[in-house]
Amino acid sequence: MNAPVSMGPRPRNLLDFQDWSPERLTAILDNADTMLQVLDRPVKKVPALQGLTVCNAFFENSTRTRTSFELAARRMSADVLTFAAGASSVNKGESLRDTLEVLTSYKVDAYIVRHHASGAAHLVAKYSGKPVINAGDGRRAHPTQALLDAYTIRQEYGSLEGKTVAILGDVRHSRVARSNAELLPKLGAKVVLCGPATLLPAGLAALPGVTLTTDPREAVRGAHAVMALRLQRERMQGGFLGSLQEYADTYQVNERLMAEAESGAIVLHPGPMNRDLEISGEAADGARSRILKQVENGQAIRMSVLYHLLVGRE
Amino acid sequence: MTPKATILTADEVRRALTRIAHEIIERNKGAQQLALIGVHTRGIPLAARLAQKLSELEGVDVPTGMLDITLYRDDLSEVAQQPIIRETQVPFDLRDRRVVLVDDVLYTGRTVRAALDALIDLGRPAGIQLAVLVDRGHRELPIRADYVGKNLPTAAHEVVKVKVQETDGVDSVELWDMEALR
């Protein structure tokens, strides 16, 4: 038998990347290669999580993340209990903690949590006592999205070491930007966050490997991957922008802006997209786009995360 | 630290594999429509060597593949420590092929059970046979090998270490006491 790979203690949850060593994160990406192979087979299912029940607890609307997690868990042979807050007693005033107690009585083995409040996934981890995967909490973190972004970039270049990733748009409200800023430097990449000053929290510059700029041309110069963030119009009531047109004229990821990036640089978007606002239709559908690849990779990454957190857990 | 005993030397490993190759040909009336699939880790070079011998003896190129059974295991404590899944690569259609699954040691039978499940999920072979370099006994499942290099009755506290040139720099089979390895 090969010598065990040293990765440090195995984290119980994936809430953010704080407790995750680069080696362990790399193992998640490596295992996603195998999961992609599983998805290509006639039988797209393995028995690794047989007997376990995973609760997809979505307190905030989502289509692609919820279905991606649900399919990932089913591909690993877990039973899936899907809980959508919109159709639940949460609407009648039930607290998160009470809801959790009900779900726990169904013998749930792990939770996948999406919530509009930052920190909600931590709360679920604390009260449920079960492994929790954060599927997006408020503005704080969306770790599996960042992992699938990292995986998509690695797929293109073979490694993240020495690569530069420009992330443009509404950084202030983006948990995707925050998680990528935390993850990518751990894997050897540099991150440039770019947006209007009102949407660019200065505090993020303190993260290792992360720089901030309000100049989109400067941001994408030399970048190997350029990610457009969704402009969260529902959070735009605070006067962060002069006008949407002004925003699109300056920060839209389009062919003109991509000409400043490395030749062969790829375009990413965590979805859903506002076409012709933060990204042009041409950039979204062009040869550089890896947006559909991100969706496909999402399922494999989530299978890998579920495997890593749940297999062999007493 | 030294092993309790050397069970097979490099020459004896070579002879055992040659004998298995002959047995495979005899049983299958040639090497047509065969495929060899090695189970990670040491089953893979052993499968490659058997394919080479079949090619020498029968003039037939027998396709080879590799199988990782991690996602099919029913004992997952070791996986928790080392969560790396290795590559499964079966670059040919399994339909109508007789597959010889190749592993280094047959022990409880649980690895073979997992390998059978993994293989069947990849396609529907005409048949599956099992070749192992060493059968050390202690089966926990009703599984037996079709081709065995060496039957080796062992005690539960003993460890059988198979070394192969490709990964260990030498071919040998050694018997160790588990205490000596701790």
# chains A, B, ... in the order shown; residues from 1 in each chain; ligands from 1
$ residues_around --residues "A:Arg233" --least-positions-apart "3" --cutoff "12 Å" --atoms "only C-alpha atoms" --output "ChimeraX atom specification"
/A:169-170,173,229-230,236-241,243-244,247,273-274,277-278
$ write_last_selection --atoms "N, CA and C atoms" --output "PDB file, in the first residue's frame"
ATOM      1  N   GLY A 169     -16.870  42.909 -11.419  1.00  0.00           N
ATOM      2  CA  GLY A 169     -18.284  43.193 -11.212  1.00  0.00           C
ATOM      3  C   GLY A 169     -18.615  43.592  -9.789  1.00  0.00           C
ATOM      4  N   ASP A 170     -19.740  43.054  -9.332  1.00  0.00           N
ATOM      5  CA  ASP A 170     -20.256  43.412  -8.018  1.00  0.00           C
ATOM      6  C   ASP A 170     -19.576  42.571  -6.935  1.00  0.00           C
ATOM      7  N   HIS A 173     -21.151  42.320  -3.141  1.00  0.00           N
ATOM      8  CA  HIS A 173     -22.255  41.429  -2.767  1.00  0.00           C
ATOM      9  C   HIS A 173     -22.003  39.980  -3.164  1.00  0.00           C
ATOM     10  N   LEU A 229     -19.051  38.704 -12.785  1.00  0.00           N
ATOM     11  CA  LEU A 229     -19.994  38.400 -11.701  1.00  0.00           C
ATOM     12  C   LEU A 229     -21.367  38.942 -12.072  1.00  0.00           C
ATOM     13  N   ARG A 230     -22.376  38.275 -11.571  1.00  0.00           N
ATOM     14  CA  ARG A 230     -23.736  38.752 -11.826  1.00  0.00           C
ATOM     15  C   ARG A 230     -23.966  40.058 -11.084  1.00  0.00           C
ATOM     16  N   MET A 236     -29.255  46.484  -5.467  1.00  0.00           N
ATOM     17  CA  MET A 236     -28.721  47.726  -6.013  1.00  0.00           C
ATOM     18  C   MET A 236     -29.514  48.954  -5.564  1.00  0.00           C
ATOM     19  N   GLN A 237     -30.312  48.778  -4.549  1.00  0.00           N
ATOM     20  CA  GLN A 237     -31.159  49.901  -4.129  1.00  0.00           C
ATOM     21  C   GLN A 237     -30.362  50.969  -3.388  1.00  0.00           C
ATOM     22  N   GLY A 238     -29.145  50.651  -3.002  1.00  0.00           N
ATOM     23  CA  GLY A 238     -28.384  51.573  -2.140  1.00  0.00           C
ATOM     24  C   GLY A 238     -27.613  52.646  -2.886  1.00  0.00           C
ATOM     25  N   GLY A 239     -27.845  52.829  -4.182  1.00  0.00           N
ATOM     26  CA  GLY A 239     -27.147  53.875  -4.930  1.00  0.00           C
ATOM     27  C   GLY A 239     -25.691  53.561  -5.177  1.00  0.00           C
ATOM     28  N   PHE A 240     -25.383  52.277  -5.421  1.00  0.00           N
ATOM     29  CA  PHE A 240     -23.991  51.904  -5.668  1.00  0.00           C
ATOM     30  C   PHE A 240     -23.515  52.286  -7.071  1.00  0.00           C
ATOM     31  N   LEU A 241     -24.478  52.433  -7.988  1.00  0.00           N
ATOM     32  CA  LEU A 241     -24.125  52.697  -9.387  1.00  0.00           C
ATOM     33  C   LEU A 241     -24.853  53.915  -9.920  1.00  0.00           C
ATOM     34  N   SER A 243     -25.622  54.335 -13.335  1.00  0.00           N
ATOM     35  CA  SER A 243     -26.662  53.729 -14.169  1.00  0.00           C
ATOM     36  C   SER A 243     -26.157  52.383 -14.665  1.00  0.00           C
ATOM     37  N   LEU A 244     -27.097  51.531 -15.047  1.00  0.00           N
ATOM     38  CA  LEU A 244     -26.713  50.209 -15.538  1.00  0.00           C
ATOM     39  C   LEU A 244     -25.923  50.340 -16.835  1.00  0.00           C
ATOM     40  N   TYR A 247     -22.436  51.229 -16.119  1.00  0.00           N
ATOM     41  CA  TYR A 247     -21.747  50.045 -15.601  1.00  0.00           C
ATOM     42  C   TYR A 247     -21.347  49.126 -16.765  1.00  0.00           C
ATOM     43  N   MET A 273     -26.777  34.518 -15.739  1.00  0.00           N
ATOM     44  CA  MET A 273     -26.170  35.705 -16.372  1.00  0.00           C
ATOM     45  C   MET A 273     -27.207  36.781 -16.689  1.00  0.00           C
ATOM     46  N   ASN A 274     -26.788  38.029 -16.568  1.00  0.00           N
ATOM     47  CA  ASN A 274     -27.541  39.135 -17.184  1.00  0.00           C
ATOM     48  C   ASN A 274     -26.817  39.438 -18.488  1.00  0.00           C
ATOM     49  N   LEU A 277     -25.350  42.872 -19.957  1.00  0.00           N
ATOM     50  CA  LEU A 277     -25.103  43.789 -18.843  1.00  0.00           C
ATOM     51  C   LEU A 277     -23.675  43.526 -18.349  1.00  0.00           C
ATOM     52  N   GLU A 278     -23.474  42.492 -17.510  1.00  0.00           N
ATOM     53  CA  GLU A 278     -22.098  42.246 -17.037  1.00  0.00           C
ATOM     54  C   GLU A 278     -21.277  41.426 -18.042  1.00  0.00           C
TER      55      GLU A 278
END
$ closest_atom_pairs --of "chain A" --to "chain B" --cutoff "12 Å" --atoms "only C-alpha atoms" --output "JSON lines"
{"residue": "A:Met1", "atom": "CA", "partner": "B:Thr41", "partner_atom": "CA", "distance": 7.8}
{"residue": "A:Asn2", "atom": "CA", "partner": "B:Thr41", "partner_atom": "CA", "distance": 8.6}
{"residue": "A:Ala3", "atom": "CA", "partner": "B:Gln82", "partner_atom": "CA", "distance": 8.9}
{"residue": "A:Pro4", "atom": "CA", "partner": "B:Gln82", "partner_atom": "CA", "distance": 5.6}
{"residue": "A:Val5", "atom": "CA", "partner": "B:Gln82", "partner_atom": "CA", "distance": 6.0}
{"residue": "A:Ser6", "atom": "CA", "partner": "B:Gln82", "partner_atom": "CA", "distance": 8.3}
{"residue": "A:Met7", "atom": "CA", "partner": "B:Gln82", "partner_atom": "CA", "distance": 8.7}
{"residue": "A:Gly8", "atom": "CA", "partner": "B:Gln81", "partner_atom": "CA", "distance": 9.8}
{"residue": "A:Pro9", "atom": "CA", "partner": "B:Gln81", "partner_atom": "CA", "distance": 9.0}
{"residue": "A:Arg10", "atom": "CA", "partner": "B:Gln81", "partner_atom": "CA", "distance": 8.1}
{"residue": "A:Pro11", "atom": "CA", "partner": "B:Ala80", "partner_atom": "CA", "distance": 11.2}
{"residue": "A:Arg12", "atom": "CA", "partner": "B:Ala80", "partner_atom": "CA", "distance": 11.6}
{"residue": "A:Glu23", "atom": "CA", "partner": "B:Ile84", "partner_atom": "CA", "distance": 10.8}
{"residue": "A:Arg24", "atom": "CA", "partner": "B:Pro83", "partner_atom": "CA", "distance": 8.8}
{"residue": "A:Leu25", "atom": "CA", "partner": "B:Pro83", "partner_atom": "CA", "distance": 11.2}
{"residue": "A:Thr26", "atom": "CA", "partner": "B:Ile84", "partner_atom": "CA", "distance": 9.9}
{"residue": "A:Ala27", "atom": "CA", "partner": "B:Ile84", "partner_atom": "CA", "distance": 6.2}
{"residue": "A:Ile28", "atom": "CA", "partner": "B:Ile84", "partner_atom": "CA", "distance": 8.4}
{"residue": "A:Leu29", "atom": "CA", "partner": "B:Ile84", "partner_atom": "CA", "distance": 10.1}
{"residue": "A:Asp30", "atom": "CA", "partner": "B:Ile84", "partner_atom": "CA", "distance": 7.6}
{"residue": "A:Asn31", "atom": "CA", "partner": "B:Ile85", "partner_atom": "CA", "distance": 5.7}
{"residue": "A:Ala32", "atom": "CA", "partner": "B:Ile85", "partner_atom": "CA", "distance": 9.2}
{"residue": "A:Asp33", "atom": "CA", "partner": "B:Glu87", "partner_atom": "CA", "distance": 8.6}
{"residue": "A:Thr34", "atom": "CA", "partner": "B:Glu87", "partner_atom": "CA", "distance": 6.7}
{"residue": "A:Met35", "atom": "CA", "partner": "B:Ile85", "partner_atom": "CA", "distance": 9.4}
{"residue": "A:Leu36", "atom": "CA", "partner": "B:Glu87", "partner_atom": "CA", "distance": 11.3}
{"residue": "A:Gln37", "atom": "CA", "partner": "B:Thr88", "partner_atom": "CA", "distance": 8.3}
{"residue": "A:Val38", "atom": "CA", "partner": "B:Leu122", "partner_atom": "CA", "distance": 9.1}
{"residue": "A:Leu39", "atom": "CA", "partner": "B:Leu122", "partner_atom": "CA", "distance": 11.3}
{"residue": "A:Asp40", "atom": "CA", "partner": "B:Leu122", "partner_atom": "CA", "distance": 10.0}
{"residue": "A:Arg41", "atom": "CA", "partner": "B:Leu122", "partner_atom": "CA", "distance": 6.5}
{"residue": "A:Pro42", "atom": "CA", "partner": "B:Leu122", "partner_atom": "CA", "distance": 6.7}
{"residue": "A:Val43", "atom": "CA", "partner": "B:Asp121", "partner_atom": "CA", "distance": 5.5}
{"residue": "A:Lys44", "atom": "CA", "partner": "B:Asp121", "partner_atom": "CA", "distance": 8.3}
{"residue": "A:Lys45", "atom": "CA", "partner": "B:Asp121", "partner_atom": "CA", "distance": 8.2}
{"residue": "A:Val46", "atom": "CA", "partner": "B:Leu71", "partner_atom": "CA", "distance": 6.2}
{"residue": "A:Pro47", "atom": "CA", "partner": "B:Tyr72", "partner_atom": "CA", "distance": 5.7}
{"residue": "A:Ala48", "atom": "CA", "partner": "B:Leu71", "partner_atom": "CA", "distance": 4.9}
{"residue": "A:Leu49", "atom": "CA", "partner": "B:Leu71", "partner_atom": "CA", "distance": 8.7}
{"residue": "A:Gln50", "atom": "CA", "partner": "B:Asp74", "partner_atom": "CA", "distance": 9.7}
{"residue": "A:Gly51", "atom": "CA", "partner": "B:Asp74", "partner_atom": "CA", "distance": 11.4}
{"residue": "A:Arg75", "atom": "CA", "partner": "B:Leu71", "partner_atom": "CA", "distance": 11.2}
{"residue": "A:Met76", "atom": "CA", "partner": "B:Leu71", "partner_atom": "CA", "distance": 8.6}
{"residue": "A:Ser77", "atom": "CA", "partner": "B:Leu71", "partner_atom": "CA", "distance": 10.6}
{"residue": "A:Met303", "atom": "CA", "partner": "B:Leu71", "partner_atom": "CA", "distance": 11.1}
{"residue": "A:Ser304", "atom": "CA", "partner": "B:Ile85", "partner_atom": "CA", "distance": 9.7}
{"residue": "A:Val305", "atom": "CA", "partner": "B:Pro83", "partner_atom": "CA", "distance": 10.6}
{"residue": "A:Leu306", "atom": "CA", "partner": "B:Pro83", "partner_atom": "CA", "distance": 11.5}
{"residue": "A:Tyr307", "atom": "CA", "partner": "B:Pro83", "partner_atom": "CA", "distance": 8.4}
{"residue": "A:His308", "atom": "CA", "partner": "B:Pro83", "partner_atom": "CA", "distance": 6.5}
{"residue": "A:Leu309", "atom": "CA", "partner": "B:Ala80", "partner_atom": "CA", "distance": 8.6}
{"residue": "A:Leu310", "atom": "CA", "partner": "B:Ala80", "partner_atom": "CA", "distance": 8.7}
{"residue": "A:Val311", "atom": "CA", "partner": "B:Ala80", "partner_atom": "CA", "distance": 6.4}
{"residue": "A:Gly312", "atom": "CA", "partner": "B:Leu76", "partner_atom": "CA", "distance": 4.7}
{"residue": "A:Arg313", "atom": "CA", "partner": "B:Ala80", "partner_atom": "CA", "distance": 7.2}
{"residue": "A:Glu314", "atom": "CA", "partner": "B:Ser77", "partner_atom": "CA", "distance": 8.8}
$ residues_around --residues "A:Ala121" --least-positions-apart "5" --cutoff "12 Å" --atoms "only C-alpha atoms" --output "ChimeraX atom specification"
/A:13-16,57-59,96-97,100,110-116,126-138,140-143
$ closest_residue --among "A:Ala120, A:Val80, A:Ala146, A:Leu268" --to "A:Ile301" --atoms "only C-alpha atoms"
A:Ala146
$ closest_residue --among "B:Val62, B:Leu46, B:Ile7, B:Asp146" --to "B:Arg27" --atoms "only C-alpha atoms"
B:Asp146
$ select_by_dssp --residues "stretch 74-162 of chain B" --states "strand (DSSP E or B)" --output "JSON, numbers by chain"
{"B": [89, 95, 98, 99, 100, 101, 102, 103, 104, 105, 106, 125, 127, 128, 129, 130, 131, 132, 133, 134, 135, 147, 148, 149, 150, 151, 158, 159, 160, 161, 162]}
$ closest_residue --among "B:Leu152, B:Ile37, B:Leu54, B:Val99" --to "B:Ile128" --atoms "only C-alpha atoms"
B:Val99
$ select_by_dssp --residues "chain B" --states "helix (DSSP H, G or I)" --output "CSV table (one decimal) with N, CA and C atoms, in the first residue's frame"
chain,number,residue,atom,x,y,z
B,10,ALA,N,12.3,-13.3,-7.8
B,10,ALA,CA,12.0,-12.7,-9.1
B,10,ALA,C,11.8,-13.8,-10.1
B,11,ASP,N,12.6,-14.8,-10.1
B,11,ASP,CA,12.5,-15.9,-11.1
B,11,ASP,C,11.2,-16.6,-10.9
B,12,GLU,N,10.9,-16.8,-9.6
B,12,GLU,CA,9.6,-17.6,-9.4
B,12,GLU,C,8.4,-16.8,-9.7
B,13,VAL,N,8.5,-15.5,-9.5
B,13,VAL,CA,7.3,-14.6,-10.0
B,13,VAL,C,7.2,-14.7,-11.5
B,14,ARG,N,8.3,-14.7,-12.2
B,14,ARG,CA,8.2,-14.8,-13.6
B,14,ARG,C,7.6,-16.1,-14.1
B,15,ARG,N,8.1,-17.2,-13.4
B,15,ARG,CA,7.5,-18.5,-13.8
B,15,ARG,C,6.0,-18.6,-13.5
B,16,ALA,N,5.7,-18.1,-12.3
B,16,ALA,CA,4.3,-18.1,-11.9
B,16,ALA,C,3.4,-17.4,-13.0
B,17,LEU,N,3.9,-16.3,-13.4
B,17,LEU,CA,3.1,-15.5,-14.4
B,17,LEU,C,3.0,-16.3,-15.8
B,18,THR,N,4.2,-16.9,-16.1
B,18,THR,CA,4.2,-17.7,-17.4
B,18,THR,C,3.2,-18.8,-17.3
B,19,ARG,N,3.1,-19.5,-16.1
B,19,ARG,CA,2.2,-20.6,-15.9
B,19,ARG,C,0.7,-20.1,-16.0
B,20,ILE,N,0.5,-19.0,-15.4
B,20,ILE,CA,-0.9,-18.4,-15.4
B,20,ILE,C,-1.3,-18.1,-16.9
B,21,ALA,N,-0.3,-17.5,-17.6
B,21,ALA,CA,-0.6,-17.2,-19.0
B,21,ALA,C,-1.0,-18.4,-19.8
B,22,HIS,N,-0.3,-19.5,-19.6
B,22,HIS,CA,-0.6,-20.8,-20.2
B,22,HIS,C,-2.0,-21.3,-19.8
B,23,GLU,N,-2.3,-21.2,-18.6
B,23,GLU,CA,-3.6,-21.6,-18.1
B,23,GLU,C,-4.7,-20.8,-18.7
B,24,ILE,N,-4.5,-19.5,-18.8
B,24,ILE,CA,-5.5,-18.6,-19.4
B,24,ILE,C,-5.8,-19.1,-20.8
B,25,ILE,N,-4.7,-19.3,-21.6
B,25,ILE,CA,-4.8,-19.8,-23.0
B,25,ILE,C,-5.6,-21.1,-23.1
B,26,GLU,N,-5.2,-22.0,-22.2
B,26,GLU,CA,-5.8,-23.3,-22.2
B,26,GLU,C,-7.3,-23.2,-21.9
B,27,ARG,N,-7.6,-22.5,-20.9
B,27,ARG,CA,-9.0,-22.4,-20.5
B,27,ARG,C,-9.9,-21.7,-21.5
B,28,ASN,N,-9.3,-20.7,-22.1
B,28,ASN,CA,-10.1,-19.9,-23.1
B,28,ASN,C,-9.9,-20.3,-24.5
B,43,GLY,N,-1.8,-4.8,-9.3
B,43,GLY,CA,-2.5,-5.7,-10.3
B,43,GLY,C,-2.3,-5.1,-11.7
B,44,ILE,N,-2.0,-3.8,-11.8
B,44,ILE,CA,-1.8,-3.2,-13.1
B,44,ILE,C,-0.5,-3.7,-13.8
B,45,PRO,N,0.6,-3.6,-13.2
B,45,PRO,CA,1.8,-4.1,-13.9
B,45,PRO,C,1.7,-5.6,-14.1
B,46,LEU,N,1.1,-6.4,-13.2
B,46,LEU,CA,0.9,-7.8,-13.4
B,46,LEU,C,0.1,-8.1,-14.6
B,47,ALA,N,-1.0,-7.3,-14.8
B,47,ALA,CA,-1.9,-7.5,-16.0
B,47,ALA,C,-1.1,-7.2,-17.3
B,48,ALA,N,-0.3,-6.1,-17.2
B,48,ALA,CA,0.5,-5.8,-18.4
B,48,ALA,C,1.5,-6.9,-18.8
B,49,ARG,N,2.1,-7.5,-17.7
B,49,ARG,CA,3.0,-8.6,-18.0
B,49,ARG,C,2.4,-9.8,-18.6
B,50,LEU,N,1.2,-10.1,-18.0
B,50,LEU,CA,0.4,-11.3,-18.6
B,50,LEU,C,0.0,-11.0,-20.0
B,51,ALA,N,-0.3,-9.8,-20.3
B,51,ALA,CA,-0.7,-9.4,-21.7
B,51,ALA,C,0.5,-9.6,-22.6
B,52,GLN,N,1.7,-9.3,-22.2
B,52,GLN,CA,2.9,-9.4,-22.9
B,52,GLN,C,3.2,-10.9,-23.2
B,53,LYS,N,3.0,-11.7,-22.2
B,53,LYS,CA,3.2,-13.2,-22.3
B,53,LYS,C,2.2,-13.8,-23.3
B,54,LEU,N,0.9,-13.3,-23.2
B,54,LEU,CA,-0.1,-13.9,-24.1
B,54,LEU,C,0.2,-13.5,-25.5
B,55,SER,N,0.8,-12.3,-25.7
B,55,SER,CA,1.1,-11.8,-27.0
B,55,SER,C,2.3,-12.7,-27.6
B,56,GLU,N,3.3,-13.0,-26.7
B,56,GLU,CA,4.4,-13.8,-27.1
B,56,GLU,C,3.9,-15.3,-27.5
B,57,LEU,N,3.0,-15.8,-26.7
B,57,LEU,CA,2.6,-17.2,-26.8
B,57,LEU,C,1.6,-17.4,-28.0
B,58,GLU,N,0.7,-16.4,-28.1
B,58,GLU,CA,-0.4,-16.6,-29.1
B,58,GLU,C,-0.4,-15.6,-30.3
B,70,THR,N,-12.0,2.1,-5.2
B,70,THR,CA,-12.3,2.9,-4.0
B,70,THR,C,-13.7,3.3,-3.8
B,71,LEU,N,-14.4,3.7,-4.9
B,71,LEU,CA,-15.8,4.1,-4.7
B,71,LEU,C,-16.8,2.9,-4.5
B,72,TYR,N,-16.2,1.7,-4.5
B,72,TYR,CA,-17.1,0.5,-4.4
B,72,TYR,C,-16.8,-0.2,-3.1
B,77,SER,N,-12.6,2.8,6.2
B,77,SER,CA,-11.8,3.5,7.2
B,77,SER,C,-10.5,4.0,6.6
B,78,GLU,N,-9.9,3.2,5.7
B,78,GLU,CA,-8.6,3.6,5.2
B,78,GLU,C,-8.8,4.7,4.2
B,79,VAL,N,-9.9,4.7,3.5
B,79,VAL,CA,-10.2,5.7,2.5
B,79,VAL,C,-10.2,7.1,3.2
B,80,ALA,N,-10.7,7.1,4.4
B,80,ALA,CA,-10.9,8.4,5.1
B,80,ALA,C,-9.5,9.0,5.3
B,81,GLN,N,-8.5,8.2,5.5
B,81,GLN,CA,-7.2,8.8,5.7
B,81,GLN,C,-6.5,9.2,4.4
B,110,ARG,N,-13.1,-9.1,-0.4
B,110,ARG,CA,-13.9,-7.9,-0.5
B,110,ARG,C,-13.4,-7.0,-1.6
B,111,THR,N,-12.1,-6.9,-1.9
B,111,THR,CA,-11.6,-6.1,-3.0
B,111,THR,C,-12.2,-6.7,-4.3
B,112,VAL,N,-12.2,-8.0,-4.4
B,112,VAL,CA,-12.7,-8.6,-5.7
B,112,VAL,C,-14.2,-8.3,-5.8
B,113,ARG,N,-14.9,-8.4,-4.8
B,113,ARG,CA,-16.4,-8.1,-4.9
B,113,ARG,C,-16.5,-6.7,-5.4
B,114,ALA,N,-15.8,-5.8,-4.8
B,114,ALA,CA,-15.9,-4.4,-5.2
B,114,ALA,C,-15.5,-4.2,-6.7
B,115,ALA,N,-14.4,-5.0,-7.1
B,115,ALA,CA,-13.9,-4.9,-8.5
B,115,ALA,C,-15.0,-5.4,-9.4
B,116,LEU,N,-15.7,-6.5,-9.0
B,116,LEU,CA,-16.8,-7.1,-9.9
B,116,LEU,C,-17.9,-6.0,-10.1
B,117,ASP,N,-18.3,-5.4,-9.0
B,117,ASP,CA,-19.3,-4.3,-9.1
B,117,ASP,C,-18.8,-3.2,-10.0
B,118,ALA,N,-17.6,-2.8,-9.8
B,118,ALA,CA,-17.1,-1.7,-10.6
B,118,ALA,C,-17.0,-2.0,-12.1
B,119,LEU,N,-16.6,-3.3,-12.4
B,119,LEU,CA,-16.5,-3.7,-13.7
B,119,LEU,C,-17.8,-3.8,-14.4
B,120,ILE,N,-18.8,-4.3,-13.7
B,120,ILE,CA,-20.1,-4.5,-14.3
B,120,ILE,C,-20.8,-3.2,-14.6
B,121,ASP,N,-20.4,-2.1,-13.8
B,121,ASP,CA,-21.0,-0.8,-14.1
B,121,ASP,C,-20.3,-0.2,-15.4
B,122,LEU,N,-19.2,-0.8,-15.8
B,122,LEU,CA,-18.6,-0.2,-17.0
B,122,LEU,C,-19.1,-0.9,-18.3
B,165,GLN,N,8.7,-4.9,-10.0
B,165,GLN,CA,9.8,-4.1,-10.6
B,165,GLN,C,9.3,-2.7,-10.9
B,166,GLU,N,8.1,-2.6,-11.5
B,166,GLU,CA,7.6,-1.3,-12.0
B,166,GLU,C,7.4,-0.3,-10.9
B,167,THR,N,7.0,-0.7,-9.7
B,167,THR,CA,6.8,0.3,-8.6
B,167,THR,C,7.7,0.1,-7.5
B,168,ASP,N,8.3,-1.1,-7.3
B,168,ASP,CA,9.2,-1.3,-6.1
B,168,ASP,C,10.6,-1.6,-6.5
B,178,MET,N,3.1,-8.7,11.2
B,178,MET,CA,2.5,-7.4,11.2
B,178,MET,C,3.2,-6.6,12.3
B,179,GLU,N,3.6,-7.2,13.4
B,179,GLU,CA,4.3,-6.5,14.5
B,179,GLU,C,5.6,-5.9,14.0
B,180,ALA,N,6.3,-6.6,13.1
B,180,ALA,CA,7.5,-6.1,12.6
B,180,ALA,C,7.4,-4.9,11.7
B,181,LEU,N,6.2,-4.7,11.2
B,181,LEU,CA,5.9,-3.6,10.2
B,181,LEU,C,5.4,-2.4,11.0
$ residues_around --residues "A:Arg178" --least-positions-apart "2" --cutoff "9 Å" --atoms "only C-alpha atoms" --output "mmCIF file with N, CA and C atoms, in the first residue's frame"
data_model
loop_
_atom_site.group_PDB
_atom_site.id
_atom_site.type_symbol
_atom_site.label_atom_id
_atom_site.label_comp_id
_atom_site.auth_asym_id
_atom_site.auth_seq_id
_atom_site.Cartn_x
_atom_site.Cartn_y
_atom_site.Cartn_z
ATOM 1 N N ARG A 139 -23.451 37.004 1.798
ATOM 2 C CA ARG A 139 -22.366 37.512 0.958
ATOM 3 C C ARG A 139 -21.057 36.785 1.277
ATOM 4 N N ARG A 140 -21.127 35.806 2.186
ATOM 5 C CA ARG A 140 -19.896 35.304 2.791
ATOM 6 C C ARG A 140 -19.138 34.285 1.952
ATOM 7 N N ALA A 141 -19.772 33.178 1.609
ATOM 8 C CA ALA A 141 -18.996 32.114 0.959
ATOM 9 C C ALA A 141 -19.880 31.233 0.081
ATOM 10 N N HIS A 142 -19.266 30.702 -0.949
ATOM 11 C CA HIS A 142 -19.911 29.717 -1.819
ATOM 12 C C HIS A 142 -18.787 28.782 -2.288
ATOM 13 N N ALA A 146 -16.509 28.094 -5.987
ATOM 14 C CA ALA A 146 -15.101 28.455 -6.172
ATOM 15 C C ALA A 146 -14.291 27.224 -6.583
ATOM 16 N N VAL A 171 -18.339 42.914 -6.675
ATOM 17 C CA VAL A 171 -17.556 42.132 -5.712
ATOM 18 C C VAL A 171 -18.162 42.248 -4.313
ATOM 19 N N ARG A 172 -18.668 43.416 -3.994
ATOM 20 C CA ARG A 172 -19.186 43.669 -2.644
ATOM 21 C C ARG A 172 -20.241 42.636 -2.230
ATOM 22 N N SER A 174 -20.791 39.680 -3.628
ATOM 23 C CA SER A 174 -20.577 38.361 -4.219
ATOM 24 C C SER A 174 -19.848 37.381 -3.297
ATOM 25 N N ARG A 175 -20.575 36.342 -2.891
ATOM 26 C CA ARG A 175 -19.930 35.271 -2.109
ATOM 27 C C ARG A 175 -19.005 34.448 -3.008
ATOM 28 N N VAL A 176 -19.310 34.449 -4.300
ATOM 29 C CA VAL A 176 -18.454 33.714 -5.244
ATOM 30 C C VAL A 176 -17.072 34.368 -5.305
ATOM 31 N N ASN A 180 -13.588 32.632 -4.098
ATOM 32 C CA ASN A 180 -12.482 32.498 -5.052
ATOM 33 C C ASN A 180 -11.232 33.217 -4.557
ATOM 34 N N ALA A 181 -11.435 34.377 -3.925
ATOM 35 C CA ALA A 181 -10.290 35.133 -3.404
ATOM 36 C C ALA A 181 -9.598 34.357 -2.283
ATOM 37 N N GLU A 182 -10.373 33.542 -1.591
ATOM 38 C CA GLU A 182 -9.809 32.730 -0.504
ATOM 39 C C GLU A 182 -9.131 31.475 -1.068
ATOM 40 N N LEU A 183 -9.785 30.870 -2.066
ATOM 41 C CA LEU A 183 -9.316 29.564 -2.559
ATOM 42 C C LEU A 183 -8.146 29.668 -3.546
ATOM 43 N N LEU A 204 -10.735 43.344 1.268
ATOM 44 C CA LEU A 204 -10.332 42.112 0.574
ATOM 45 C C LEU A 204 -8.874 42.158 0.111
#
$ atom_distance --atom1 "atom CA of A:Asp215" --atom2 "atom CA of A:Ala166"
11.2 Å
$ residues_around --residues "B:Gln129" --least-positions-apart "6" --cutoff "9 Å" --atoms "only C-alpha atoms" --output "list in words"
Arg98, Val99, Val100, Leu101, Val102, Ala145, Asp146 and Tyr147 of chain B
$ atom_distance --atom1 "atom CA of B:Asp61" --atom2 "atom CA of B:Asp171"
24.1 Å
$ residues_around --residues "stretch 290-296 of chain A" --least-positions-apart "2" --cutoff "9 Å" --atoms "only C-alpha atoms" --output "ChimeraX atom specification"
/A:36,64,68,145,148-149,151-153,266-271,284-288,298-300
$ residues_around --residues "A:Arg256" --least-positions-apart "5" --cutoff "12 Å" --atoms "only C-alpha atoms" --output "list in words"
Pro216, Arg217, Val220, Asp249, Thr250, Tyr251, Ala261, Ile279, Ser280, Glu282 and Ala283 of chain A
